[in-house]
Every structure is written in C-alpha cells, then in structure tokens.
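run08.pdb follows; it contains PDB, C-alpha atoms.
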ATOM      1  CA  ASN A   4      18.272   8.406  11.106
ATOM      2  CA  SER A   5      19.483   7.824   7.533
ATOM      3  CA  VAL A   6      19.737  11.439   6.375
ATOM      4  CA  MET A   7      22.819  12.112   4.215
ATOM      5  CA  GLU A   8      23.878  14.515   1.511
ATOM      6  CA  LYS A   9      22.879  13.161  -1.875
ATOM      7  CA  TRP A  10      26.396  13.333  -3.300
ATOM      8  CA  LYS A  11      27.718  11.212  -0.429
ATOM      9  CA  VAL A  12      25.116   8.507  -1.060
ATOM     10  CA  VAL A  13      25.963   8.457  -4.770
ATOM     11  CA  GLU A  14      29.716   8.386  -4.118
ATOM     12  CA  ASP A  15      29.360   5.539  -1.619
ATOM     13  CA  ALA A  16      27.238   3.492  -4.043
ATOM     14  CA  ARG A  17      29.759   3.941  -6.840
ATOM     15  CA  LEU A  18      32.701   2.966  -4.618
ATOM     16  CA  ARG A  19      30.902  -0.166  -3.484
ATOM     17  CA  GLN A  20      29.514  -0.814  -6.993
ATOM     18  CA  LYS A  21      26.045  -1.024  -5.492
ATOM     19  CA  LYS A  22      22.842  -0.287  -7.342
ATOM     20  CA  ILE A  23      20.608   2.342  -5.758
ATOM     21  CA  HIS A  24      17.586   4.361  -6.801
ATOM     22  CA  LEU A  25      17.242   8.110  -6.299
ATOM     23  CA  GLY A  26      13.809   9.666  -6.276
ATOM     24  CA  ALA A  27      11.743  12.416  -4.747
ATOM     25  CA  LEU A  28       8.476  12.977  -2.940
ATOM     26  CA  MET A  29       5.762  15.201  -4.359
ATOM     27  CA  THR A  30       2.838  16.863  -2.594
ATOM     28  CA  LEU A  31      -0.615  16.766  -4.179
ATOM     29  CA  CYS A  32      -3.815  18.533  -3.241
ATOM     30  CA  HIS A  33      -7.142  18.321  -5.012
ATOM     31  CA  GLU A  34     -10.786  19.103  -4.464
ATOM     32  CA  LYS A  35     -13.001  16.069  -3.947
ATOM     33  CA  ASN A  36     -16.011  15.866  -6.238
ATOM     34  CA  ALA A  37     -14.935  19.044  -8.036
ATOM     35  CA  GLU A  38     -17.434  18.321 -10.811
ATOM     36  CA  ARG A  39     -20.279  19.161  -8.378
ATOM     37  CA  ASP A  40     -19.178  22.816  -8.235
ATOM     38  CA  LEU A  41     -20.100  23.152  -4.563
ATOM     39  CA  PRO A  42     -20.104  26.464  -2.672
ATOM     40  CA  GLU A  43     -16.709  27.304  -1.184
ATOM     41  CA  ALA A  44     -17.877  26.545   2.358
ATOM     42  CA  ASP A  45     -18.885  22.990   1.344
ATOM     43  CA  LYS A  46     -15.780  22.093  -0.616
ATOM     44  CA  VAL A  47     -13.530  19.333   0.715
ATOM     45  CA  TYR A  48      -9.858  19.117  -0.184
ATOM     46  CA  LYS A  49      -7.635  16.075   0.021
ATOM     47  CA  GLY A  50      -3.856  16.130   0.233
ATOM     48  CA  ARG A  51      -1.298  13.374  -0.040
ATOM     49  CA  ILE A  52       2.422  12.873  -0.482
ATOM     50  CA  VAL A  53       3.510  10.443  -3.198
ATOM     51  CA  PHE A  54       6.669   9.040  -4.710
ATOM     52  CA  ARG A  55       7.568  10.501  -8.108
ATOM     53  CA  GLY A  56       7.770   7.323 -10.148
ATOM     54  CA  ASP A  57       8.258   9.223 -13.397
ATOM     55  CA  ASN A  58      11.790  10.363 -12.576
ATOM     56  CA  VAL A  59      13.779   7.700 -10.719
ATOM     57  CA  ARG A  60      17.511   7.649 -11.354
ATOM     58  CA  ASP A  61      20.282   5.194 -10.518
ATOM     59  CA  GLU A  62      23.689   5.993  -8.997
ATOM     60  CA  SER A  63      25.029   6.918 -12.448
ATOM     61  CA  GLY A  64      22.239   9.393 -13.177
ATOM     62  CA  TYR A  65      20.477   7.174 -15.709
ATOM     63  CA  LEU A  66      16.750   6.450 -15.561
ATOM     64  CA  ALA A  67      16.178   3.428 -13.325
ATOM     65  CA  VAL A  68      14.860   0.254 -14.938
ATOM     66  CA  PHE A  69      12.110  -1.671 -13.176
ATOM     67  CA  SER A  70      10.645  -5.109 -13.700
ATOM     68  CA  GLU A  71       7.654  -5.207 -16.044
ATOM     69  CA  GLN A  72       5.894  -7.614 -13.694
ATOM     70  CA  GLY A  73       2.459  -6.160 -13.034
ATOM     71  CA  THR A  74      -0.298  -6.658 -10.523
ATOM     72  CA  SER A  75      -3.169  -9.082 -10.976
ATOM     73  CA  ALA A  76      -6.365  -7.930 -12.633
ATOM     74  CA  SER A  77      -9.627  -7.543 -10.750
ATOM     75  CA  HIS A  78     -12.606  -8.798 -12.736
ATOM     76  CA  LEU A  79     -15.945  -7.006 -12.915
ATOM     77  CA  GLU A  80     -17.561 -10.439 -12.941
ATOM     78  CA  ALA A  81     -16.069 -11.115  -9.512
ATOM     79  CA  ALA A  82     -17.818  -8.062  -8.068
ATOM     80  CA  LYS A  83     -21.095  -9.211  -9.635
ATOM     81  CA  PHE A  84     -20.493 -12.698  -8.236
ATOM     82  CA  MET A  85     -20.125 -11.266  -4.728
ATOM     83  CA  GLY A  86     -23.331  -9.318  -5.161
ATOM     84  CA  ALA A  87     -25.163 -12.450  -6.262
ATOM     85  CA  ILE A  88     -23.965 -14.330  -3.162
ATOM     86  CA  SER A  89     -25.183 -11.548  -0.875
ATOM     87  CA  ARG A  90     -28.679 -11.945  -2.334
ATOM     88  CA  SER A  91     -28.748 -15.719  -1.831
ATOM     89  CA  TYR A  92     -29.931 -17.857   1.068
ATOM     90  CA  CYS A  93     -28.324 -20.681   3.070
ATOM     91  CA  ASP A  94     -30.359 -22.732   5.558
ATOM     92  CA  MET A  95     -33.216 -20.267   5.140
ATOM     93  CA  GLU A  96     -31.007 -17.355   6.222
ATOM     94  CA  GLU A  97     -30.017 -14.510   3.923
ATOM     95  CA  LEU A  98     -26.294 -14.280   3.220
ATOM     96  CA  ASP A  99     -24.360 -11.086   3.826
ATOM     97  CA  VAL A 100     -21.665  -8.958   2.198
ATOM     98  CA  GLU A 101     -19.207  -6.634   3.907
ATOM     99  CA  GLU A 102     -17.163  -3.951   2.162
ATOM    100  CA  SER A 103     -14.174  -2.020   3.482
ATOM    101  CA  ASP A 104     -11.080  -0.081   2.489
ATOM    102  CA  ALA A 105      -7.576  -0.941   3.631
ATOM    103  CA  VAL A 106      -6.085   1.730   5.873
ATOM    104  CA  GLY A 107      -2.786   3.118   4.537
ATOM    105  CA  ALA A 108      -2.601   0.141   2.206
ATOM    106  CA  TYR A 109       0.730   0.558   0.442
ATOM    107  CA  THR A 110       2.622   1.738   3.520
ATOM    108  CA  GLN A 111       1.695  -1.430   5.405
ATOM    109  CA  CYS A 112       4.624  -3.233   3.771
ATOM    110  CA  LYS A 113       8.307  -2.623   3.165
ATOM    111  CA  LEU A 114       9.635  -1.367  -0.162
ATOM    112  CA  GLY A 115      11.475  -4.101  -2.056
ATOM    113  CA  GLY A 116      14.154  -3.980  -4.725
ATOM    114  CA  GLU A 117      17.151  -1.670  -4.719
ATOM    115  CA  ASP A 118      17.756   0.726  -1.833
ATOM    116  CA  ALA A 119      15.755   3.864  -2.578
ATOM    117  CA  TRP A 120      16.859   7.323  -1.422
ATOM    118  CA  ILE A 121      14.471  10.245  -1.647
ATOM    119  CA  THR A 122      14.546  14.006  -1.385
ATOM    120  CA  ILE A 123      11.837  15.574   0.752
ATOM    121  CA  PRO A 124      10.040  18.835  -0.115
ATOM    122  CA  LYS A 125      11.826  21.644   1.721
ATOM    123  CA  GLU A 126       8.678  22.731   3.546
ATOM    124  CA  TYR A 127       8.752  19.375   5.347
ATOM    125  CA  TRP A 128      12.390  19.517   6.435
ATOM    126  CA  PRO A 129      12.988  19.271  10.196
ATOM    127  CA  LYS A 130      14.401  22.471  11.703
ATOM    128  CA  SER A 131      17.707  20.708  12.352
ATOM    129  CA  TRP A 132      18.281  20.249   8.603
ATOM    130  CA  HIS A 133      18.207  23.929   7.701
ATOM    131  CA  GLY A 134      21.690  25.371   7.443
ATOM    132  CA  LYS A 135      23.216  21.909   7.875
ATOM    133  CA  TYR A 136      22.326  20.164   4.604
ATOM    134  CA  HIS A 137      22.322  21.337   1.008
ATOM    135  CA  GLN A 138      20.567  18.426  -0.735
ATOM    136  CA  PRO A 139      19.653  15.845   1.913
ATOM    137  CA  VAL A 140      18.215  12.431   1.080
ATOM    138  CA  VAL A 141      16.794   9.701   3.317
ATOM    139  CA  ARG A 142      16.145   5.985   2.843
ATOM    140  CA  LEU A 143      12.636   5.124   1.746
ATOM    141  CA  VAL A 144      11.824   2.082   3.863
ATOM    142  CA  LEU A 145       8.067   1.672   3.434
ATOM    143  CA  ASN A 146       6.208   1.057   0.214
ATOM    144  CA  LEU A 147       4.729   4.307  -1.103
ATOM    145  CA  TYR A 148       2.102   5.202  -3.689
ATOM    146  CA  GLY A 149       3.704   6.368  -6.924
ATOM    147  CA  HIS A 150       6.605   3.922  -6.901
ATOM    148  CA  PRO A 151       6.557   1.877 -10.146
ATOM    149  CA  LEU A 152       6.265  -1.394  -8.194
ATOM    150  CA  ALA A 153       4.179  -0.166  -5.251
ATOM    151  CA  GLY A 154       1.087  -2.060  -6.372
ATOM    152  CA  LEU A 155       3.018  -5.297  -6.774
ATOM    153  CA  TYR A 156       4.582  -5.099  -3.292
ATOM    154  CA  TRP A 157       1.168  -4.383  -1.767
ATOM    155  CA  GLU A 158      -0.443  -7.305  -3.597
ATOM    156  CA  LYS A 159       2.230  -9.732  -2.392
ATOM    157  CA  HIS A 160       1.885  -8.461   1.163
ATOM    158  CA  CYS A 161      -1.881  -8.760   0.964
ATOM    159  CA  GLN A 162      -1.709 -12.325  -0.364
ATOM    160  CA  GLU A 163       0.779 -13.458   2.283
ATOM    161  CA  SER A 164      -1.480 -12.104   5.023
ATOM    162  CA  LEU A 165      -4.535 -13.841   3.580
ATOM    163  CA  PHE A 166      -2.770 -17.167   2.990
ATOM    164  CA  ALA A 167      -1.675 -17.199   6.633
ATOM    165  CA  LEU A 168      -5.346 -17.013   7.616
ATOM    166  CA  GLY A 169      -6.427 -19.911   5.404
ATOM    167  CA  TRP A 170      -7.593 -18.031   2.298
ATOM    168  CA  ARG A 171      -6.777 -19.479  -1.114
ATOM    169  CA  PRO A 172      -7.066 -18.012  -4.621
ATOM    170  CA  VAL A 173      -9.963 -19.117  -6.804
ATOM    171  CA  LYS A 174      -8.456 -20.863  -9.818
ATOM    172  CA  GLY A 175      -8.723 -18.767 -12.952
ATOM    173  CA  TRP A 176      -9.919 -15.684 -11.044
ATOM    174  CA  GLU A 177      -7.251 -13.147 -10.117
ATOM    175  CA  CYS A 178      -7.904 -11.185  -6.911
ATOM    176  CA  LEU A 179     -10.745 -13.530  -5.867
ATOM    177  CA  TYR A 180     -10.196 -15.747  -2.819
ATOM    178  CA  LYS A 181     -12.138 -18.397  -0.931
ATOM    179  CA  HIS A 182     -12.015 -19.770   2.582
ATOM    180  CA  ASP A 183     -13.089 -23.418   2.481
ATOM    181  CA  GLN A 184     -13.594 -23.810   6.228
ATOM    182  CA  ALA A 185     -15.624 -20.629   6.684
ATOM    183  CA  LYS A 186     -17.302 -20.977   3.265
ATOM    184  CA  LEU A 187     -16.575 -17.371   2.343
ATOM    185  CA  PHE A 188     -15.472 -15.507  -0.760
ATOM    186  CA  LEU A 189     -13.336 -12.368  -0.812
ATOM    187  CA  SER A 190     -12.881 -10.031  -3.776
ATOM    188  CA  ILE A 191     -10.067  -7.449  -3.757
ATOM    189  CA  TYR A 192      -9.621  -4.426  -5.979
ATOM    190  CA  VAL A 193      -6.329  -2.727  -4.995
ATOM    191  CA  ASP A 194      -7.258  -1.722  -1.418
ATOM    192  CA  ASP A 195     -11.027  -2.291  -1.615
ATOM    193  CA  PHE A 196     -12.318  -5.509  -0.039
ATOM    194  CA  LYS A 197     -15.677  -7.225  -0.461
ATOM    195  CA  MET A 198     -16.460 -10.396   1.516
ATOM    196  CA  ALA A 199     -19.604 -12.493   1.111
ATOM    197  CA  GLY A 200     -21.069 -15.455   2.986
ATOM    198  CA  HIS A 201     -23.037 -16.283   6.119
ATOM    199  CA  PRO A 202     -23.384 -13.172   8.347
ATOM    200  CA  ASN A 203     -21.777 -14.797  11.396
ATOM    201  CA  ASP A 204     -18.868 -16.170   9.370
ATOM    202  CA  VAL A 205     -18.335 -12.851   7.587
ATOM    203  CA  LYS A 206     -17.972 -11.068  10.924
ATOM    204  CA  LYS A 207     -15.598 -13.684  12.383
ATOM    205  CA  ALA A 208     -13.391 -13.799   9.302
ATOM    206  CA  GLY A 209     -13.440 -10.023   8.996
ATOM    207  CA  ASP A 210     -12.208  -9.610  12.579
ATOM    208  CA  LEU A 211      -9.275 -11.915  11.794
ATOM    209  CA  ILE A 212      -8.342 -10.112   8.580
ATOM    210  CA  TRP A 213      -8.485  -6.622  10.018
ATOM    211  CA  MET A 214      -6.387  -7.365  13.112
ATOM    212  CA  VAL A 215      -3.129  -9.336  12.834
ATOM    213  CA  THR A 216      -0.141  -9.680  15.149
ATOM    214  CA  THR A 217       3.129  -8.736  13.485
ATOM    215  CA  THR A 218       6.722  -8.001  14.465
ATOM    216  CA  GLU A 219       7.615  -4.322  14.372
ATOM    217  CA  THR A 220      11.212  -3.073  14.413
ATOM    218  CA  PHE A 221      11.835   0.301  16.046
ATOM    219  CA  ALA A 222      14.434   3.006  15.419
ATOM    220  CA  ASP A 223      16.625   1.845  18.318
ATOM    221  CA  GLY A 224      16.961  -1.615  16.768
ATOM    222  CA  THR A 225      14.607  -3.384  19.173
ATOM    223  CA  SER A 226      11.574  -5.317  18.000
ATOM    224  CA  ARG A 227       8.444  -6.743  19.542
ATOM    225  CA  ASP A 228       5.147  -8.316  18.525
ATOM    226  CA  VAL A 229       2.352  -5.780  18.179
ATOM    227  CA  GLU A 230      -1.261  -6.070  17.114
ATOM    228  CA  ILE A 231      -1.983  -3.783  14.189
ATOM    229  CA  SER A 232      -4.777  -3.134  11.755
ATOM    230  CA  ILE A 233      -3.741  -4.847   8.551
ATOM    231  CA  LEU A 234      -5.525  -4.864   5.194
ATOM    232  CA  GLY A 235      -8.324  -2.705   6.649
ATOM    233  CA  LYS A 236     -10.571  -1.384   7.934
ATOM    234  CA  THR A 237     -12.598   1.629   6.893
ATOM    235  CA  GLU A 238     -16.275   0.781   6.440
ATOM    236  CA  ILE A 239     -17.900   1.762   3.185
TER     237      ILE A 239
END
Produce structure tokens that represent the structure in this file.
Amino acid sequence: NSVMEKWKVVEDARLRQKKIHLGALMTLCHEKNAERDLPEADKVYKGRIVFRGDNVRDESGYLAVFSEQGTSASHLEAAKFMGAISRSYCDMEELDVEESDAVGAYTQCKLGGEDAWITIPKEYWPKSWHGKYHQPVVRLVLNLYGHPLAGLYWEKHCQESLFALGWRPVKGWECLYKHDQAKLFLSIYVDDFKMAGHPNDVKKAGDLIWMVTTTETFADGTSRDVEISILGKTEI
C-alpha cells in the first residue's frame, strides 16, 4: 500500500535529491463504430483508464523530460509477406496463418524509468481514503497506456519473451521475427500478432507464446512461479 499525500512524496524526493514523476489517470469512454450511427439499443461503448502523458511533472513542478527513443516500425510489406506465406504450400500441404491480440498488453510489464506517482480520479477512491486524504498519490508499478514510454517498455518486454522461446529478428525488418527450428515467421504491430507457417508448427509455437511461466511478486513480499497468459491471446 503506497498511498501518501502528494506533498509528502514531493518533500521526501527533494530531501533525498531523488528524481520522481508525478502524473494522473484519466477515464475515457467512447462509442465503438460511431460512424455507423446505430440505433441506441445496438450501440456499444468502451471505457478505459489511461495515464495522462501530456502533463507529467517532476518533483520541482517542471514538465518531466523523457528519452526520445521510440518504438520500432511495423512495415506494411511484412503483413503482405505473412499473407503470401499463408497462401503457399509446403510438402503439398497448405500453410496457415494465425492472428491474435495481446491481452492487457502494456500492463504485462513493469514501468521503467523514474518512480512515477499518480493521482486517481476521486470516483475510484477506496472508501477508506475519504476524509483521510486531501490529495493522495500512489506508485504506478505497471506499464500503462498513455505513458510517453509505454510502447517502448512493452516492445522490450515482448522481445525478451520471444527471444527466450527461440525467436530472432529478421535482419532489416523491424517487428518481424523468425523461428529457424519451427520454420515460422511472426509479425507484430503493437499488440497484434500474425504468425505464418505449417499448421502444426503454428499451433505448437502459438501455445508456447501465449502461455509462459513467470515469477510474480505479491503485496506481502512473497513470490512464486505462476503460469500466465503473456503476449496474447484473443483470437481475431
């Protein structure tokens, strides 16, 4: 439980001459496929909570400065390449392609960089906070959409997970990977995955990518190995 008054966090950082980032969460809600102008009964709304990356301050109140290092580019040609493979044949058998979305992509990994403290919309405060805190902040531990470097942290996490399973980048093609042993190709666009190759190999490799054993640390300080869904999987 890291909740503290904002002024205490700032004062502590200044005393220790430690860099911190102060931000806030923002709630969003929008209508999916609003351009279709569906009847009210058929409308679908989607809500999410994001990090406000447009207004991040340091312990002195100045706008925080982030690295200009960006994420790798996904090439349209790579997507076409995957489609071409799926329409090819190997040993007289048609090759296959599998597409999926990563589940909770950015929040699968920890937030890097300076310690980040965030304010939470008041409607999401626990009951115990009301009347006790004036401007509470909590540590942001997991990577969250909206943070200026969220995409970079996710990409690094994604690559580390793939490298551990034997995938390697295709030289000269960002976000395109190959598995020499399984003879597969994998194209990634943010949290969208497309894998192509022999049907049996696609299924085997997909099962390995979607389920990985990792070490999870709990609030009481203990940790244990757990099997979690990583990098995916929501079928398209």
Residues returned when the PyMOL selection byres ((chain A and resi 157) around 10) runs on this file, as a count of residues only: 25
Best match for closeness to Leu98 of chain A among A:Lys125, A:Arg39, A:His133, A:His201, counting all atoms listed in the file: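 With all atoms listed in the file as the atom set, the closest residue is A:His201.
Atom pair atom CA of Asp195 of chain A / atom CA of Asp183 of chain A: separated by 21.6 Å.
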Between atom CA of Asn203 of chain A and atom CA of Glu177 of chain A, distance in Å (one decimal):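 Calculated distance between atom CA of Asn203 of chain A and atom CA of Glu177 of chain A is 26.0 Å.
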Atomic separation - atom CA of Ile52 of chain A relative to atom CA of Ala119 of chain A, Å: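 Rounded to one decimal, the two atoms are 16.2 Å apart.
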N, CA and C atoms restored at segment 94-110 of chain A, emitted as a PDB file, in the frame of the given file:
ATOM      1  N   ASP A  94     -29.604 -22.267   4.381  1.00  0.00           N
ATOM      2  CA  ASP A  94     -30.359 -22.732   5.558  1.00  0.00           C
ATOM      3  C   ASP A  94     -31.424 -21.717   5.949  1.00  0.00           C
ATOM      4  N   MET A  95     -32.114 -21.205   4.952  1.00  0.00           N
ATOM      5  CA  MET A  95     -33.216 -20.267   5.140  1.00  0.00           C
ATOM      6  C   MET A  95     -32.787 -18.920   5.702  1.00  0.00           C
ATOM      7  N   GLU A  96     -31.483 -18.646   5.716  1.00  0.00           N
ATOM      8  CA  GLU A  96     -31.007 -17.355   6.222  1.00  0.00           C
ATOM      9  C   GLU A  96     -30.285 -16.607   5.107  1.00  0.00           C
ATOM     10  N   GLU A  97     -30.610 -15.319   4.982  1.00  0.00           N
ATOM     11  CA  GLU A  97     -30.017 -14.510   3.923  1.00  0.00           C
ATOM     12  C   GLU A  97     -28.519 -14.314   4.169  1.00  0.00           C
ATOM     13  N   LEU A  98     -27.736 -14.480   3.109  1.00  0.00           N
ATOM     14  CA  LEU A  98     -26.294 -14.280   3.220  1.00  0.00           C
ATOM     15  C   LEU A  98     -25.976 -12.788   3.237  1.00  0.00           C
ATOM     16  N   ASP A  99     -24.732 -12.484   3.596  1.00  0.00           N
ATOM     17  CA  ASP A  99     -24.360 -11.086   3.826  1.00  0.00           C
ATOM     18  C   ASP A  99     -23.104 -10.738   3.039  1.00  0.00           C
ATOM     19  N   VAL A 100     -22.876  -9.447   2.833  1.00  0.00           N
ATOM     20  CA  VAL A 100     -21.665  -8.958   2.198  1.00  0.00           C
ATOM     21  C   VAL A 100     -21.139  -7.788   3.020  1.00  0.00           C
ATOM     22  N   GLU A 101     -19.838  -7.725   3.167  1.00  0.00           N
ATOM     23  CA  GLU A 101     -19.207  -6.634   3.907  1.00  0.00           C
ATOM     24  C   GLU A 101     -18.143  -6.002   3.025  1.00  0.00           C
ATOM     25  N   GLU A 102     -18.130  -4.678   2.971  1.00  0.00           N
ATOM     26  CA  GLU A 102     -17.163  -3.951   2.162  1.00  0.00           C
ATOM     27  C   GLU A 102     -16.320  -3.046   3.057  1.00  0.00           C
ATOM     28  N   SER A 103     -15.047  -2.897   2.708  1.00  0.00           N
ATOM     29  CA  SER A 103     -14.174  -2.020   3.482  1.00  0.00           C
ATOM     30  C   SER A 103     -12.973  -1.604   2.650  1.00  0.00           C
ATOM     31  N   ASP A 104     -12.326  -0.552   3.097  1.00  0.00           N
ATOM     32  CA  ASP A 104     -11.080  -0.081   2.489  1.00  0.00           C
ATOM     33  C   ASP A 104      -9.928  -0.419   3.407  1.00  0.00           C
ATOM     34  N   ALA A 105      -8.784  -0.757   2.831  1.00  0.00           N
ATOM     35  CA  ALA A 105      -7.576  -0.941   3.631  1.00  0.00           C
ATOM     36  C   ALA A 105      -7.082   0.427   4.092  1.00  0.00           C
ATOM     37  N   VAL A 106      -6.593   0.482   5.307  1.00  0.00           N
ATOM     38  CA  VAL A 106      -6.085   1.730   5.873  1.00  0.00           C
ATOM     39  C   VAL A 106      -4.591   1.849   5.560  1.00  0.00           C
ATOM     40  N   GLY A 107      -4.198   2.928   4.867  1.00  0.00           N
ATOM     41  CA  GLY A 107      -2.786   3.118   4.537  1.00  0.00           C
ATOM     42  C   GLY A 107      -2.199   1.911   3.846  1.00  0.00           C
ATOM     43  N   ALA A 108      -2.919   1.427   2.827  1.00  0.00           N
ATOM     44  CA  ALA A 108      -2.601   0.141   2.206  1.00  0.00           C
ATOM     45  C   ALA A 108      -1.127  -0.032   1.850  1.00  0.00           C
ATOM     46  N   TYR A 109      -0.619   0.790   0.953  1.00  0.00           N
ATOM     47  CA  TYR A 109       0.730   0.558   0.442  1.00  0.00           C
ATOM     48  C   TYR A 109       1.783   0.646   1.537  1.00  0.00           C
ATOM     49  N   THR A 110       1.605   1.547   2.481  1.00  0.00           N
ATOM     50  CA  THR A 110       2.622   1.738   3.520  1.00  0.00           C
ATOM     51  C   THR A 110       2.581   0.664   4.598  1.00  0.00           C
TER      52      THR A 110
END
